[in-house]
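First up is the structure itself, then whatever we jot down about it.
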Amino acid sequence: MAALRDVPRAGRQLLGAASHWKSCPTNLRRCASTEATASAPAIPDIEQDSGLASPIVTREDVRITDPRKRASRRSHELPHERYRYHPPKYYRGPLHPVQPPPSSDPVARNFSPGPFNLPRLKQTFHSTTASDIMTLMYQHTPPGTPEKPERIRLREWDDSSPYMKNRPKRGPRGHDVLLPLEKEITWQNIPEIRAVHLAIYVPKAKKNPDHLIVGRSVLQTITGVRPEITTTKTSVSQWGTVKGDRSGVKVTVRGDQAWELVDKMIHLVFPKIKDWKGISGTTGDSTGNISWGFDSQSMQYFPEVEANYSLYPSKMIPGCRVTLETTAKSDRHARILCMSLGIPFYGKLVD
């Protein structure tokens, strides 16, 4: 009976809720119709007005503020120069509490803006050549292989005299300089180009200083760096040289300019040299630096000299010697770097 009593109550609640419903008119239009597209505002992709039609701004229209008046209207004074941060003048070691900022910081004393470009040869080296060098120089060592004993390069003293105790070891026999050790190439020590040194020796400059001017202008045109004039170190009577005579020019190119200069030599100068075999395999100083030379005829193949050949006296253009400074520790690694960049070698290879 209680259930039947609740039926009329539920019906009244249902009818009361239905009375609040509102009737909606029937709409047969689509949600996305052509009318909505037609009524949308047109958005042009190209500006209708030309930039040449904009008004020309004259000097009278520009409002120029006098810096002195602006300073006088300032309510507070700017901090003094002594309160600004100044990097230390000298580098006093890694443990000093005051460290200089990195060279990329504009506040640093050795700040140089850039880089503004990426040389093609450098980009190719980092993207392709570096990984190829690691692949070619990889030497697999099976697990458990004993390490090779390190070669003893310093000589010890014998115990024949009590004065030889606790003395430092002697250098290698016949050589006072201890050359760097050649380590295996890993991703941390892949050899790269550090700098390119060019030097010209003109002994005729003593009688005719124009030879020195021409050599200096040629080097500055090729490298884009102002060369430095060198003098004779010693006097040799047979050669007619006197100590202190201005007899040469030298220049050093570093960074991206060094990469661009090597790229220029590989792809523009070397292919034009007639019957050019390459660089001698015996060159090198055992510390990772490779040297070669250009005669006066080869110097004319540089694009900067070739484009303005009439500016230089043809019989006064000198040759030069080039030294490629790399981060390698041996001639073998430096030679591998040069060969991967496209510089060939001929003859017996001396490491």
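Residue numbering restarts at 1 for every chain of the structure tokens, chains are lettered A, B, ... in their displayed order, and ligands are numbered from 1 as they appear.
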
With a distance cut-off of 12 Å and only C-alpha atoms, select the neighbouring residues of Ser280 (chain A), excluding the residue or stretch itself and same-chain residues fewer than 4 positions from it, and output the selection as a CSV table (one decimal) with all heavy atoms, in the first residue's frame.
chain,number,residue,atom,x,y,z
A,276,TRP,N,101.7,19.3,-59.3
A,276,TRP,CA,101.9,19.3,-57.8
A,276,TRP,C,101.7,17.9,-57.2
A,276,TRP,O,100.6,17.4,-57.3
A,276,TRP,CB,100.9,20.3,-57.2
A,276,TRP,CG,101.1,20.6,-55.7
A,276,TRP,CD1,102.2,21.2,-55.2
A,276,TRP,CD2,100.2,20.3,-54.7
A,276,TRP,NE1,102.0,21.2,-53.8
A,276,TRP,CE2,100.8,20.7,-53.5
A,276,TRP,CE3,99.0,19.7,-54.6
A,276,TRP,CZ2,100.2,20.5,-52.2
A,276,TRP,CZ3,98.4,19.5,-53.4
A,276,TRP,CH2,99.0,19.9,-52.2
A,284,GLY,N,107.2,18.2,-40.7
A,284,GLY,CA,106.7,18.2,-39.3
A,284,GLY,C,107.8,18.4,-38.3
A,284,GLY,O,109.0,18.2,-38.6
A,290,ILE,N,102.5,21.0,-39.3
A,290,ILE,CA,102.9,20.6,-40.7
A,290,ILE,C,103.2,21.9,-41.4
A,290,ILE,O,102.5,22.9,-41.3
A,290,ILE,CB,101.8,19.9,-41.4
A,290,ILE,CG1,101.4,18.6,-40.6
A,290,ILE,CG2,102.2,19.5,-42.8
A,290,ILE,CD1,102.5,17.6,-40.4
A,291,SER,N,104.3,21.9,-42.2
A,291,SER,CA,104.8,23.0,-43.0
A,291,SER,C,104.9,22.7,-44.5
A,291,SER,O,105.2,21.6,-44.8
A,291,SER,CB,106.1,23.6,-42.4
A,291,SER,OG,106.0,23.9,-41.1
A,292,TRP,N,104.7,23.7,-45.3
A,292,TRP,CA,104.9,23.6,-46.7
A,292,TRP,C,105.2,25.0,-47.2
A,292,TRP,O,105.1,26.0,-46.5
A,292,TRP,CB,103.8,22.9,-47.5
A,292,TRP,CG,102.5,23.7,-47.4
A,292,TRP,CD1,102.1,24.7,-48.3
A,292,TRP,CD2,101.4,23.5,-46.5
A,292,TRP,NE1,100.8,25.1,-47.9
A,292,TRP,CE2,100.4,24.4,-46.8
A,292,TRP,CE3,101.2,22.7,-45.4
A,292,TRP,CZ2,99.2,24.5,-46.1
A,292,TRP,CZ3,100.1,22.8,-44.7
A,292,TRP,CH2,99.1,23.7,-45.0
A,293,GLY,N,105.5,25.1,-48.5
A,293,GLY,CA,105.8,26.4,-49.1
A,293,GLY,C,105.2,26.7,-50.4
A,293,GLY,O,104.8,25.7,-51.1
A,335,ARG,N,99.1,14.6,-39.7
A,335,ARG,CA,99.0,14.2,-41.1
A,335,ARG,C,97.6,13.6,-41.4
A,335,ARG,O,97.1,13.8,-42.5
A,335,ARG,CB,100.1,13.3,-41.4
A,335,ARG,CG,100.4,13.1,-42.9
A,335,ARG,CD,101.6,12.2,-43.2
A,335,ARG,NE,102.8,12.6,-42.5
A,335,ARG,CZ,103.4,11.9,-41.5
A,335,ARG,NH1,102.8,10.8,-41.1
A,335,ARG,NH2,104.5,12.4,-40.9
A,343,ILE,N,94.4,17.4,-48.1
A,343,ILE,CA,95.8,17.7,-48.4
A,343,ILE,C,96.6,16.4,-48.6
A,343,ILE,O,96.7,15.7,-47.6
A,343,ILE,CB,96.4,18.6,-47.2
A,343,ILE,CG1,95.6,19.8,-47.0
A,343,ILE,CG2,97.8,18.9,-47.6
A,343,ILE,CD1,96.1,20.7,-45.9
A,344,PRO,N,97.0,16.1,-49.8
A,344,PRO,CA,97.8,14.9,-50.0
A,344,PRO,C,99.2,15.0,-49.6
A,344,PRO,O,99.8,16.1,-49.4
A,344,PRO,CB,97.6,14.7,-51.5
A,344,PRO,CG,97.6,16.1,-52.0
A,344,PRO,CD,96.9,16.9,-51.0
A,345,PHE,N,99.8,13.8,-49.4
A,345,PHE,CA,101.3,13.7,-49.0
A,345,PHE,C,101.9,12.7,-50.0
A,345,PHE,O,101.3,11.8,-50.5
A,345,PHE,CB,101.4,13.2,-47.6
A,345,PHE,CG,101.1,14.3,-46.5
A,345,PHE,CD1,99.7,14.4,-46.1
A,345,PHE,CD2,102.0,15.1,-46.0
A,345,PHE,CE1,99.4,15.3,-45.2
A,345,PHE,CE2,101.6,16.0,-45.0
A,345,PHE,CZ,100.3,16.2,-44.7
A,346,TYR,N,103.2,12.9,-50.2
A,346,TYR,CA,103.9,12.0,-51.1
A,346,TYR,C,105.3,11.7,-50.4
A,346,TYR,O,105.7,12.3,-49.5
A,346,TYR,CB,104.2,12.7,-52.5
A,346,TYR,CG,105.2,13.8,-52.5
A,346,TYR,CD1,106.6,13.5,-52.8
A,346,TYR,CD2,104.9,15.1,-52.1
A,346,TYR,CE1,107.5,14.5,-52.7
A,346,TYR,CE2,105.8,16.1,-52.1
A,346,TYR,CZ,107.1,15.8,-52.4
A,346,TYR,OH,108.1,16.8,-52.4
A,347,GLY,N,105.9,10.6,-50.9
A,347,GLY,CA,107.1,10.1,-50.4
A,347,GLY,C,107.0,9.3,-49.1
A,347,GLY,O,105.9,8.9,-48.7
A,348,LYS,N,108.1,9.1,-48.5
A,348,LYS,CA,108.1,8.4,-47.2
A,348,LYS,C,107.5,9.2,-46.1
A,348,LYS,O,107.9,10.3,-45.9
A,348,LYS,CB,109.6,8.0,-46.9
A,348,LYS,CG,109.7,7.1,-45.7
A,348,LYS,CD,111.2,6.7,-45.4
A,348,LYS,CE,111.3,5.9,-44.1
A,348,LYS,NZ,112.7,5.6,-43.8
A,349,LEU,N,106.7,8.5,-45.3
A,349,LEU,CA,106.0,9.2,-44.2
A,349,LEU,C,106.9,9.0,-43.0
A,349,LEU,O,107.1,7.9,-42.6
A,349,LEU,CB,104.6,8.7,-44.0
A,349,LEU,CG,103.7,8.8,-45.2
A,349,LEU,CD1,102.3,8.3,-44.9
A,349,LEU,CD2,103.5,10.3,-45.7
A,350,VAL,N,107.3,10.1,-42.4
A,350,VAL,CA,108.2,10.0,-41.2
A,350,VAL,C,107.3,10.6,-40.0
A,350,VAL,O,106.9,11.7,-40.0
A,350,VAL,CB,109.5,10.9,-41.4
A,350,VAL,CG1,110.3,10.8,-40.1
A,350,VAL,CG2,110.3,10.3,-42.5

Self-check item: Distance query Phe116 (chain A) at most 12 Å, only C-alpha atoms, self and fewer than 5 positions along chain excluded, as a ChimeraX atom specification
Solution: /A:255-257

Quiz item: Please, which residues of region 158-317 of chain A, numbered as in this document, come out strand (DSSP E) from DSSP, as a ChimeraX atom specification?
Solution: /A:193-201,228-231,246-254,279-280,289-294

Residues from the last selection, N, CA and C atoms, saved as a compact mmCIF listing (two decimals), in the first residue's frame:
# COMPACT_ATOMS: atom_id res chain seq x y z
N ILE A 193 92.42 22.36 -36.33
CA ILE A 193 93.29 23.46 -36.76
C ILE A 193 93.27 24.55 -35.70
N ARG A 194 94.42 24.93 -35.24
CA ARG A 194 94.53 25.98 -34.23
C ARG A 194 94.91 27.32 -34.84
N ALA A 195 95.89 27.33 -35.74
CA ALA A 195 96.34 28.58 -36.35
C ALA A 195 97.11 28.25 -37.62
N VAL A 196 97.28 29.27 -38.45
CA VAL A 196 98.08 29.17 -39.67
C VAL A 196 99.08 30.32 -39.65
N HIS A 197 100.35 29.97 -39.76
CA HIS A 197 101.42 30.97 -39.75
C HIS A 197 102.01 31.09 -41.15
N LEU A 198 102.11 32.30 -41.66
CA LEU A 198 102.71 32.57 -42.96
C LEU A 198 103.87 33.53 -42.77
N ALA A 199 104.98 33.24 -43.45
CA ALA A 199 106.18 34.06 -43.30
C ALA A 199 106.84 34.21 -44.67
N ILE A 200 107.40 35.36 -44.92
CA ILE A 200 108.11 35.68 -46.16
C ILE A 200 109.48 36.21 -45.80
N TYR A 201 110.51 35.69 -46.46
CA TYR A 201 111.88 36.18 -46.28
C TYR A 201 112.34 36.78 -47.60
N GLU A 228 103.39 41.60 -39.76
CA GLU A 228 104.45 42.18 -38.91
C GLU A 228 105.78 42.01 -39.61
N ILE A 229 106.57 43.06 -39.60
CA ILE A 229 107.88 43.03 -40.26
C ILE A 229 108.90 42.39 -39.33
N THR A 230 109.69 41.48 -39.87
CA THR A 230 110.71 40.78 -39.09
C THR A 230 112.09 41.32 -39.47
N THR A 231 113.03 41.13 -38.55
CA THR A 231 114.41 41.59 -38.75
C THR A 231 115.36 40.41 -38.68
N ARG A 246 115.66 44.87 -41.82
CA ARG A 246 114.28 44.45 -42.08
C ARG A 246 114.29 43.59 -43.34
N SER A 247 114.01 42.31 -43.13
CA SER A 247 114.20 41.37 -44.24
C SER A 247 113.04 40.41 -44.42
N GLY A 248 111.93 40.60 -43.75
CA GLY A 248 110.83 39.64 -43.92
C GLY A 248 109.53 40.15 -43.33
N VAL A 249 108.50 39.36 -43.56
CA VAL A 249 107.15 39.67 -43.09
C VAL A 249 106.53 38.38 -42.59
N LYS A 250 105.78 38.46 -41.50
CA LYS A 250 105.09 37.28 -40.98
C LYS A 250 103.71 37.68 -40.48
N VAL A 251 102.80 36.71 -40.46
CA VAL A 251 101.44 36.94 -40.01
C VAL A 251 100.90 35.63 -39.47
N THR A 252 100.01 35.72 -38.48
CA THR A 252 99.37 34.56 -37.87
C THR A 252 97.86 34.73 -37.96
N VAL A 253 97.20 33.70 -38.45
CA VAL A 253 95.75 33.70 -38.61
C VAL A 253 95.18 32.64 -37.69
N ARG A 254 94.17 33.00 -36.89
CA ARG A 254 93.59 32.08 -35.93
C ARG A 254 92.07 32.04 -36.09
N ILE A 279 102.33 17.45 -50.35
CA ILE A 279 103.27 17.90 -49.32
C ILE A 279 104.20 16.74 -48.98
N SER A 280 105.44 17.05 -48.75
CA SER A 280 106.42 16.01 -48.44
C SER A 280 106.04 15.29 -47.15
N ASN A 289 102.74 19.97 -35.97
CA ASN A 289 102.70 21.12 -36.88
C ASN A 289 103.26 20.70 -38.24
N ILE A 290 102.54 21.02 -39.31
CA ILE A 290 102.91 20.65 -40.67
C ILE A 290 103.25 21.92 -41.44
N SER A 291 104.32 21.86 -42.24
CA SER A 291 104.77 23.04 -42.98
C SER A 291 104.92 22.70 -44.46
N TRP A 292 104.69 23.68 -45.28
CA TRP A 292 104.94 23.59 -46.72
C TRP A 292 105.20 25.00 -47.23
N GLY A 293 105.48 25.12 -48.51
CA GLY A 293 105.83 26.42 -49.08
C GLY A 293 105.16 26.67 -50.41
N PHE A 294 105.05 27.96 -50.76
CA PHE A 294 104.55 28.41 -52.05
C PHE A 294 105.63 29.25 -52.71

Quiz item: What's the 8 Å shell around region 327-334 of chain A, counting only C-alpha atoms, without same-chain residues fewer than 3 positions away, as a PyMOL selection string?
Solution: chain A and resi 180-183+189-194+284-290+337-338+350-351

Quick one: write out the picked residues with N, CA, C and O atoms as a short mmCIF file (atom, residue, chain, number, x, y, z; two decimals), in the first residue's frame?
data_model
loop_
_atom_site.label_atom_id
_atom_site.label_comp_id
_atom_site.auth_asym_id
_atom_site.auth_seq_id
_atom_site.Cartn_x
_atom_site.Cartn_y
_atom_site.Cartn_z
N PRO A 180 105.94 15.79 -26.59
CA PRO A 180 104.69 15.26 -26.01
C PRO A 180 104.41 13.83 -26.46
O PRO A 180 104.83 13.40 -27.54
N LEU A 181 103.70 13.10 -25.61
CA LEU A 181 103.35 11.72 -25.91
C LEU A 181 102.14 11.68 -26.84
O LEU A 181 101.22 12.50 -26.73
N GLU A 182 102.15 10.71 -27.73
CA GLU A 182 101.03 10.52 -28.65
C GLU A 182 99.99 9.62 -28.00
O GLU A 182 100.24 8.45 -27.74
N LYS A 183 98.82 10.17 -27.73
CA LYS A 183 97.74 9.41 -27.12
C LYS A 183 96.74 8.99 -28.19
O LYS A 183 96.66 9.59 -29.26
N ASN A 189 89.97 14.37 -27.81
CA ASN A 189 91.21 14.94 -28.35
C ASN A 189 91.32 14.77 -29.86
O ASN A 189 92.37 14.42 -30.38
N ILE A 190 90.21 14.96 -30.58
CA ILE A 190 90.27 14.91 -32.04
C ILE A 190 91.09 16.11 -32.52
O ILE A 190 90.80 17.25 -32.14
N PRO A 191 92.12 15.90 -33.34
CA PRO A 191 92.95 17.04 -33.77
C PRO A 191 92.16 18.03 -34.61
O PRO A 191 91.34 17.66 -35.45
N GLU A 192 92.43 19.31 -34.38
CA GLU A 192 91.78 20.40 -35.12
C GLU A 192 92.84 21.43 -35.51
O GLU A 192 93.98 21.38 -35.05
N ILE A 193 92.42 22.36 -36.33
CA ILE A 193 93.29 23.46 -36.76
C ILE A 193 93.27 24.55 -35.70
O ILE A 193 92.20 25.02 -35.30
N ARG A 194 94.42 24.93 -35.24
CA ARG A 194 94.53 25.98 -34.23
C ARG A 194 94.91 27.32 -34.84
O ARG A 194 94.33 28.35 -34.50
N GLY A 284 107.22 18.24 -40.69
CA GLY A 284 106.69 18.15 -39.33
C GLY A 284 107.76 18.42 -38.30
O GLY A 284 108.96 18.23 -38.56
N ASP A 285 107.35 18.86 -37.14
CA ASP A 285 108.28 19.16 -36.04
C ASP A 285 108.09 18.23 -34.86
O ASP A 285 108.51 18.56 -33.74
N SER A 286 107.41 17.09 -35.06
CA SER A 286 107.18 16.08 -34.02
C SER A 286 106.24 16.55 -32.93
O SER A 286 106.09 15.87 -31.91
N THR A 287 105.60 17.71 -33.09
CA THR A 287 104.64 18.19 -32.11
C THR A 287 103.28 18.51 -32.72
O THR A 287 102.47 19.18 -32.11
N GLY A 288 103.03 18.04 -33.96
CA GLY A 288 101.73 18.23 -34.57
C GLY A 288 101.61 19.42 -35.48
O GLY A 288 100.49 19.86 -35.77
N ASN A 289 102.74 19.97 -35.97
CA ASN A 289 102.70 21.12 -36.88
C ASN A 289 103.26 20.70 -38.24
O ASN A 289 104.34 20.08 -38.31
N ILE A 290 102.54 21.02 -39.31
CA ILE A 290 102.91 20.65 -40.67
C ILE A 290 103.25 21.92 -41.44
O ILE A 290 102.55 22.93 -41.31
N LEU A 337 94.82 14.43 -39.97
CA LEU A 337 93.90 15.56 -40.07
C LEU A 337 94.00 16.22 -41.44
O LEU A 337 92.97 16.52 -42.07
N CYS A 338 95.20 16.45 -41.92
CA CYS A 338 95.37 17.11 -43.23
C CYS A 338 94.84 16.24 -44.36
O CYS A 338 94.19 16.75 -45.29
N VAL A 350 107.34 10.08 -42.37
CA VAL A 350 108.17 10.02 -41.18
C VAL A 350 107.35 10.55 -40.02
O VAL A 350 106.87 11.69 -40.04
N ASP A 351 107.18 9.71 -38.98
CA ASP A 351 106.42 10.11 -37.79
C ASP A 351 107.34 10.71 -36.75
O ASP A 351 108.45 10.22 -36.56
#

Quiz prompt | Exercise: region 233-243 of chain A partners within 12 Å, only C-alpha atoms, chain neighbours under 6 positions left out, as a list of chain:residue names | solution =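 Those residues are A:Val202, A:Pro203, A:Lys204, A:Ala205, A:Lys206, A:Lys207.
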
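Here CA of Asp263 (chain A) stands at a distance of 23.5 Å from CA of Ile185 (chain A).
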
Exercise. For region 99-112 of chain A, list every protein, DNA or RNA residue within 10 Å, evaluated using only C-alpha atoms, and leave out those in the same chain fewer than 3 positions away; present the list as a VMD selection string.
Key: chain A and resid 85 to 96 115

Exercise. May I have all residues of region 109-333 of chain A that DSSP, computed from the backbone, assigns to alpha helix (DSSP H), given as a PyMOL selection string?
Key: chain A and resi 120-124+130-136+210-223+256-264+296-299+303-307+331-333

Exercise. Excluding Arg153 (chain A) and any residue of its chain fewer than 2 positions from it, enumerate the residues within 8 Å of it, using only C-alpha atoms, and give them as a list in words.
Key: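 Answer for this query is Arg151, Arg155, Gly171 and Pro172 of chain A.
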
Quiz prompt | Separation of CA of Pro119 (chain A) from CA of Pro318 (chain A) in Å | solution = 28.0 Å

Self-check item: Near-Met316 (chain A) list (10 Å; only C-alpha atoms; drop same-chain fewer than 4 positions) as a ChimeraX atom specification
Solution: /A:202,204,210-215,296,312
